[in-house]
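Shown below: coords.txt, with compact mmCIF, C-alpha atoms.
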# COMPACT_ATOMS: atom_id res chain seq x y z
CA MET A 1 7.79 19.17 15.08
CA ILE A 2 7.22 18.07 11.51
CA GLU A 3 10.01 18.82 9.06
CA PRO A 4 9.32 19.25 5.32
CA ILE A 5 11.80 16.44 4.65
CA TYR A 6 9.33 13.93 6.12
CA PHE A 7 6.75 14.94 3.54
CA GLN A 8 9.31 14.65 0.76
CA ILE A 9 10.49 11.20 1.85
CA LEU A 10 6.86 10.06 2.09
CA ALA A 11 6.20 11.46 -1.39
CA SER A 12 9.24 9.69 -2.86
CA MET A 13 8.20 6.39 -1.26
CA LEU A 14 4.69 6.72 -2.68
CA PHE A 15 6.11 7.67 -6.09
CA CYS A 16 8.32 4.58 -6.16
CA VAL A 17 5.45 2.29 -5.15
CA GLY A 18 3.55 3.83 -8.07
CA ILE A 19 6.47 3.18 -10.44
CA TYR A 20 6.58 -0.44 -9.30
CA GLY A 21 2.85 -0.75 -9.96
CA VAL A 22 3.10 0.72 -13.45
CA LEU A 23 5.95 -1.61 -14.39
CA ALA A 24 4.80 -4.84 -12.72
CA ARG A 25 1.01 -4.92 -13.12
CA ARG A 26 -0.70 -6.48 -16.12
CA SER A 27 -4.22 -5.11 -15.84
CA ALA A 28 -4.63 -1.66 -17.37
CA VAL A 29 -6.97 -0.61 -14.54
CA LEU A 30 -4.23 -1.28 -11.99
CA VAL A 31 -1.65 0.55 -14.10
CA LEU A 32 -4.05 3.50 -14.06
CA MET A 33 -4.42 3.30 -10.26
CA SER A 34 -0.63 3.27 -9.93
CA ILE A 35 -0.46 6.43 -12.03
CA GLU A 36 -2.94 8.00 -9.60
CA LEU A 37 -0.59 7.04 -6.75
CA MET A 38 2.26 8.85 -8.50
CA LEU A 39 0.08 11.95 -9.00
CA ASN A 40 -0.69 11.88 -5.27
CA ALA A 41 3.02 11.72 -4.49
CA VAL A 42 3.52 14.85 -6.57
CA ASN A 43 0.73 16.58 -4.65
CA ILE A 44 2.30 15.69 -1.28
CA ASN A 45 5.63 17.05 -2.51
CA LEU A 46 3.97 20.29 -3.67
CA ILE A 47 2.16 20.80 -0.38
CA SER A 48 5.38 20.34 1.57
CA TYR A 49 7.10 23.07 -0.42
CA ALA A 50 4.04 25.30 -0.31
CA SER A 51 3.27 25.25 3.39
CA PHE A 52 6.87 25.31 4.66
CA SER A 53 7.92 28.10 2.31
CA ASP A 54 9.58 31.05 4.02
CA LEU A 55 8.69 33.34 1.13
CA GLY A 56 5.27 34.37 2.43
CA THR A 57 1.67 33.49 1.66
CA ASP A 58 2.05 34.22 -2.06
CA HIS A 59 4.09 31.08 -2.51
CA ALA A 60 1.85 29.04 -0.22
CA SER A 61 -1.20 29.97 -2.28
CA LEU A 62 0.70 29.30 -5.52
CA GLY A 63 1.44 25.74 -4.39
CA GLN A 64 -2.13 25.08 -3.34
CA VAL A 65 -3.55 26.48 -6.60
CA LEU A 66 -1.14 24.24 -8.50
CA ILE A 67 -2.39 21.23 -6.53
CA ILE A 68 -5.99 22.11 -7.41
CA PHE A 69 -5.03 22.13 -11.10
CA VAL A 70 -3.20 18.81 -10.75
CA ILE A 71 -6.28 17.24 -9.14
CA THR A 72 -8.51 18.62 -11.91
CA ILE A 73 -6.32 17.31 -14.70
CA ALA A 74 -5.96 13.97 -12.90
CA ALA A 75 -9.74 13.62 -12.68
CA ALA A 76 -10.11 14.39 -16.41
CA GLU A 77 -7.34 11.95 -17.28
CA PHE A 78 -8.85 9.28 -15.08
CA ALA A 79 -12.32 9.55 -16.65
CA LEU A 80 -10.86 9.38 -20.17
CA ALA A 81 -8.60 6.45 -19.31
CA ILE A 82 -11.46 4.47 -17.75
CA ALA A 83 -13.50 5.12 -20.91
CA ILE A 84 -10.65 3.90 -23.11
CA ILE A 85 -10.23 0.78 -20.94
CA LEU A 86 -13.97 -0.01 -21.14
CA ARG A 87 -13.84 0.39 -24.92
CA LEU A 88 -10.78 -1.84 -25.06
CA TYR A 89 -12.53 -4.49 -22.98
CA ARG A 90 -15.52 -4.43 -25.31
CA ASN A 91 -13.42 -4.70 -28.44
CA ARG A 92 -10.73 -7.14 -27.35
CA GLY A 93 -12.16 -8.90 -24.28
CA SER A 94 -9.03 -8.28 -22.28
CA VAL A 95 -7.39 -5.35 -20.55
CA ASN A 96 -3.97 -6.88 -19.96
CA VAL A 97 -1.39 -4.40 -21.18
CA ASP A 98 0.93 -7.06 -22.59
CA GLU A 99 -1.81 -8.46 -24.84
CA ILE A 100 -2.53 -5.09 -26.45
CA ASP A 101 -0.02 -5.28 -29.29
CA LEU A 102 -2.08 -4.21 -32.30
CA MET A 103 0.38 -1.46 -33.20
CA LYS A 104 3.47 -3.58 -32.66
CA GLY A 105 5.56 -3.45 -35.80
CA MET M 1 7.87 13.03 19.65
CA THR M 2 5.06 15.49 19.40
CA PHE M 3 1.41 14.74 18.83
CA ALA M 4 1.57 16.18 15.31
CA LEU M 5 4.40 13.82 14.44
CA VAL M 6 2.39 10.84 15.72
CA LEU M 7 -0.51 11.93 13.51
CA PHE M 8 1.83 12.35 10.56
CA CYS M 9 3.21 8.84 11.06
CA ALA M 10 -0.33 7.43 11.21
CA ALA M 11 -1.26 9.23 7.96
CA SER M 12 1.96 7.98 6.33
CA VAL M 13 1.15 4.40 7.34
CA PHE M 14 -2.28 4.80 5.73
CA VAL M 15 -0.72 6.15 2.52
CA ILE M 16 2.01 3.54 2.16
CA VAL M 17 -0.05 0.51 3.23
CA GLY M 18 -2.86 1.48 0.86
CA ALA M 19 -0.37 1.97 -1.98
CA ILE M 20 1.27 -1.41 -1.34
CA VAL M 21 -2.16 -3.08 -1.33
CA VAL M 22 -2.88 -1.42 -4.70
CA VAL M 23 0.29 -2.78 -6.31
CA THR M 24 0.33 -6.26 -4.76
CA THR M 25 -3.22 -7.58 -4.29
CA ARG M 26 -4.73 -10.19 -6.60
CA ASN M 27 -8.31 -8.91 -6.24
CA ILE M 28 -9.10 -5.69 -8.06
CA VAL M 29 -11.82 -4.64 -5.61
CA TYR M 30 -9.22 -4.75 -2.81
CA ALA M 31 -6.98 -2.63 -5.03
CA ALA M 32 -9.73 -0.01 -5.38
CA LEU M 33 -10.25 -0.01 -1.60
CA GLY M 34 -6.48 0.28 -1.09
CA LEU M 35 -6.55 3.32 -3.37
CA LEU M 36 -9.31 4.76 -1.17
CA VAL M 37 -7.16 4.20 1.97
CA THR M 38 -4.24 5.95 0.26
CA MET M 39 -6.43 8.91 -0.66
CA ILE M 40 -7.73 9.23 2.90
CA GLY M 41 -4.16 9.14 4.21
CA THR M 42 -3.18 11.82 1.70
CA ALA M 43 -6.05 13.97 2.93
CA GLY M 44 -4.62 13.56 6.45
CA VAL M 45 -1.20 14.65 5.21
CA PHE M 46 -2.80 17.72 3.63
CA LEU M 47 -4.49 18.52 6.95
CA LEU M 48 -1.14 18.28 8.72
CA ALA M 49 0.25 20.76 6.21
CA PHE M 50 -2.61 23.14 7.14
CA ALA M 51 -4.31 22.82 3.76
CA GLU M 52 -7.82 22.00 4.91
CA PHE M 53 -9.52 22.90 1.63
CA LEU M 54 -7.23 20.56 -0.28
CA ALA M 55 -7.91 17.79 2.23
CA LEU M 56 -11.63 18.24 1.57
CA VAL M 57 -11.13 18.28 -2.21
CA GLN M 58 -8.97 15.17 -1.96
CA LEU M 59 -11.62 13.28 0.00
CA LEU M 60 -14.46 14.38 -2.29
CA ILE M 61 -12.78 13.91 -5.67
CA TYR M 62 -10.50 10.95 -5.08
CA GLY M 63 -12.27 9.21 -2.23
CA GLY M 64 -15.71 9.91 -3.61
CA ALA M 65 -15.52 10.15 -7.36
CA VAL M 66 -12.47 8.29 -8.59
CA VAL M 67 -12.82 5.15 -6.46
CA ILE M 68 -16.55 4.95 -7.22
CA VAL M 69 -15.80 5.33 -10.95
CA VAL M 70 -13.36 2.42 -10.73
CA LEU M 71 -15.88 0.25 -8.90
CA PHE M 72 -18.61 1.13 -11.41
CA ALA M 73 -16.30 0.37 -14.33
CA LEU M 74 -15.60 -3.02 -12.79
CA MET M 75 -19.28 -3.67 -12.25
CA LEU M 76 -20.08 -2.78 -15.87
CA THR M 77 -17.51 -5.20 -17.18
CA ARG M 78 -17.52 -8.83 -16.14
CA ILE M 79 -15.77 -8.79 -12.81
CA GLU M 80 -14.82 -12.49 -13.00
CA ASP M 81 -12.10 -11.58 -15.46
CA PHE M 82 -10.48 -9.39 -12.85
CA ARG M 83 -10.82 -11.74 -9.90
CA HIS M 84 -7.42 -13.35 -10.30
CA LEU M 85 -4.92 -10.82 -11.45
CA SER M 86 -1.47 -11.85 -12.39
CA ASN M 87 1.60 -9.70 -12.58
CA ASN M 88 3.85 -9.87 -15.57
CA ARG M 89 7.34 -11.26 -15.63
CA GLN M 90 8.98 -7.88 -15.14
CA GLN M 91 8.26 -7.96 -11.41
CA PRO M 92 11.88 -8.31 -10.12
CA ILE M 93 13.17 -5.70 -12.58
CA ALA M 94 10.33 -3.37 -11.59
CA ALA M 95 11.22 -3.77 -7.91
CA ILE M 96 14.89 -3.04 -8.62
CA ILE M 97 14.02 0.05 -10.68
CA ALA M 98 11.61 1.35 -8.03
CA LEU M 99 14.15 0.84 -5.22
CA GLY M 100 16.87 2.46 -7.32
CA ILE M 101 14.76 5.53 -8.04
CA PHE M 102 13.84 5.73 -4.36
CA ALA M 103 17.53 5.60 -3.39
CA VAL M 104 18.34 8.41 -5.82
CA LEU M 105 15.40 10.55 -4.67
CA ALA M 106 16.08 9.98 -0.95
CA THR M 107 19.78 10.82 -1.38
CA ALA M 108 18.90 13.98 -3.27
CA ILE M 109 16.29 15.02 -0.70
CA ILE M 110 18.52 14.39 2.32
CA SER M 111 21.58 16.06 0.85
CA THR M 112 19.74 19.19 -0.33
CA PRO M 113 19.18 21.83 2.34
CA PHE M 114 15.80 23.54 2.03
CA PRO M 115 15.50 26.84 3.87
CA HIS M 116 12.09 26.61 5.46
CA SER M 117 10.01 28.33 8.06
CA GLU M 118 7.32 26.95 10.33
CA ARG M 119 4.23 25.53 8.71
CA THR M 120 2.14 28.46 7.53
CA ALA M 121 -1.60 28.17 7.30
CA LEU M 122 -3.47 29.61 4.34
CA SER M 123 -7.11 30.32 4.97
CA VAL M 124 -9.76 29.09 2.57
CA TYR M 125 -10.78 32.72 2.08
CA GLU M 126 -7.31 33.68 0.94
CA LEU M 127 -6.97 30.63 -1.30
CA GLY M 128 -10.31 31.40 -2.94
CA GLU M 129 -9.28 34.99 -3.51
CA ARG M 130 -6.03 33.91 -5.15
CA LEU M 131 -7.76 31.26 -7.25
CA PHE M 132 -10.48 33.54 -8.58
CA VAL M 133 -8.46 36.75 -8.93
CA ASP M 134 -4.92 35.81 -9.98
CA TRP M 135 -5.72 32.44 -11.50
CA ALA M 136 -9.22 33.01 -12.87
CA VAL M 137 -8.35 32.42 -16.55
CA PRO M 138 -6.37 29.17 -15.97
CA PHE M 139 -9.20 28.01 -13.71
CA GLU M 140 -11.74 28.53 -16.48
CA VAL M 141 -9.48 26.77 -18.98
CA ALA M 142 -9.16 23.85 -16.56
CA SER M 143 -12.93 23.60 -16.27
CA LEU M 144 -13.16 23.59 -20.07
CA VAL M 145 -10.56 20.80 -20.22
CA LEU M 146 -12.59 18.81 -17.70
CA LEU M 147 -15.78 19.33 -19.72
CA VAL M 148 -14.13 18.26 -22.98
CA ALA M 149 -12.58 15.21 -21.31
CA LEU M 150 -15.91 14.10 -19.85
CA ILE M 151 -17.77 14.56 -23.15
CA GLY M 152 -14.97 12.64 -24.82
CA ALA M 153 -15.34 9.84 -22.29
CA ILE M 154 -19.08 9.61 -22.97
CA VAL M 155 -18.50 9.54 -26.74
CA LEU M 156 -15.86 6.83 -26.31
CA VAL M 157 -17.95 4.43 -24.25
CA ARG M 158 -21.13 4.94 -26.26
CA SER M 159 -21.57 1.91 -28.47
CA ASP M 160 -21.89 2.48 -32.20
CA ASP M 161 -24.99 0.36 -32.44
CA SER M 162 -26.20 -0.30 -28.94
CA GLY M 163 -29.07 -2.61 -29.88
CA ARG M 164 -26.84 -4.98 -31.84
CA GLU M 165 -24.25 -5.07 -29.11
CA ILE M 166 -26.78 -6.00 -26.43
CA GLU M 167 -28.05 -8.82 -28.65
CA GLU M 168 -24.51 -10.12 -29.00
CA GLU M 169 -24.02 -10.01 -25.27
CA ASP M 170 -27.26 -11.92 -24.77
CA LYS M 171 -26.09 -14.65 -27.13
CA GLU M 172 -22.93 -15.04 -25.11

Structure re-expressed in structure tokens:
Amino acid sequence: MIEPIYFQILASMLFCVGIYGVLARRSAVLVLMSIELMLNAVNINLISYASFSDLGTDHASLGQVLIIFVITIAAAEFALAIAIILRLYRNRGSVNVDEIDLMKG
Amino acid sequence: MTFALVLFCAASVFVIVGAIVVVTTRNIVYAALGLLVTMIGTAGVFLLAFAEFLALVQLLIYGGAVVIVVLFALMLTRIEDFRHLSNNRQQPIAAIIALGIFAVLATAIISTPFPHSERTALSVYELGERLFVDWAVPFEVASLVLLVALIGAIVLVRSDDSGREIEEEDKE
């Protein structure tokens, strides 16, 4: 029998792999992919609380609707971020996040 | 160990292995494929939580759209620049921070009792009814946000003077 705690441990592992990716990667595309991993971890966490809830189907549907919104916003964010990265590549010839220091004081 | 638990472990292996490939590989195409593996594993996890519609959405949007967008973006830029990726010098600190956050999260999760019932299924019919009756206005706002974001993306990548830019690229 699957316990909700398994889902939550899986989600926290995925979230921490995502944090490692955001901190350790240089390419902006890979930082973006790591952010997607973290968003997925949040979705797994939400589904565990939604489908194991003992408060009835209202809460289950609330969790699933929330996940649909998270996926929508993630898709919008992803498209915009890829556009910004392409623009950055055209203007600067590099997408390494530690070389983008135009606004450094 | 029940069959469902075996399936859950398999899906978890997909998720974690794909994620580790994304954050460690030197080739960005492998990273995109690792992201795809993670998304497929997440769809399996959704199926095991009886959320079949979300599993489908996950496969279509992440597996289909997002990974293809990444691959297209790489094809439109010069992929040689991405062939040999290097990590920055923060790698050990990043690993320590990630492990620390995992320790905190795991301790919190294990020590917090969560009163739960059996897995409850929610039919697609019921989910659709909720989404389009109770959450109709936020749904429309989300679609507007998506539209604005996509138009913004097009405006961003459109070159100011496309003819001149192509000439410059030809010279290079």

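Residue-level contacts from chain M to chain A at 6 Å, counting all atoms listed in the file, read M:Leu5, M:Val23, M:Asn87, M:Asn88, M:Gln90, M:Gln91, M:Ala94, M:Ala95, M:Ala98, M:Phe102, M:His116, M:Ser117, M:Glu118, M:Arg119, M:Thr120, M:Leu127, M:Leu146, M:Ala149, M:Ala153, M:Val157.
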
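Across the model, the gap from atom CA of Ile101 of chain M to atom CA of Thr38 of chain M is 20.7 Å.
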
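From atom CA of Gly41 of chain M back to atom CA of Phe14 of chain M, the distance works out to 5.0 Å.
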
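Minimum atom-to-atom distances from M:Val22, M:Ala4, M:Ile109, M:Ile40 to Ile61 of chain M were compared using all atoms listed in the file, and the lowest value belongs to M:Ile40.
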
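Picture a line from atom CA of Ile68 of chain M to atom CA of Val29 of chain M; it runs 10.8 Å.
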
Select, from M:Ile28, M:Ala51, M:Val155, M:Leu60, the residue with the minimum atom-to-atom distance to Ala73 of chain M, counting all atoms listed in the file. M:Ile28

Set up a box along x, y and z of the file covering all listed atoms of segment 4-15 of chain A, add 8 Å on every one of the six sides, and write the centre and edge lengths in Å to one decimal, as JSON.
{"center_x": 8.2, "center_y": 12.8, "center_z": 0.0, "size_x": 23.1, "size_y": 28.9, "size_z": 28.2}
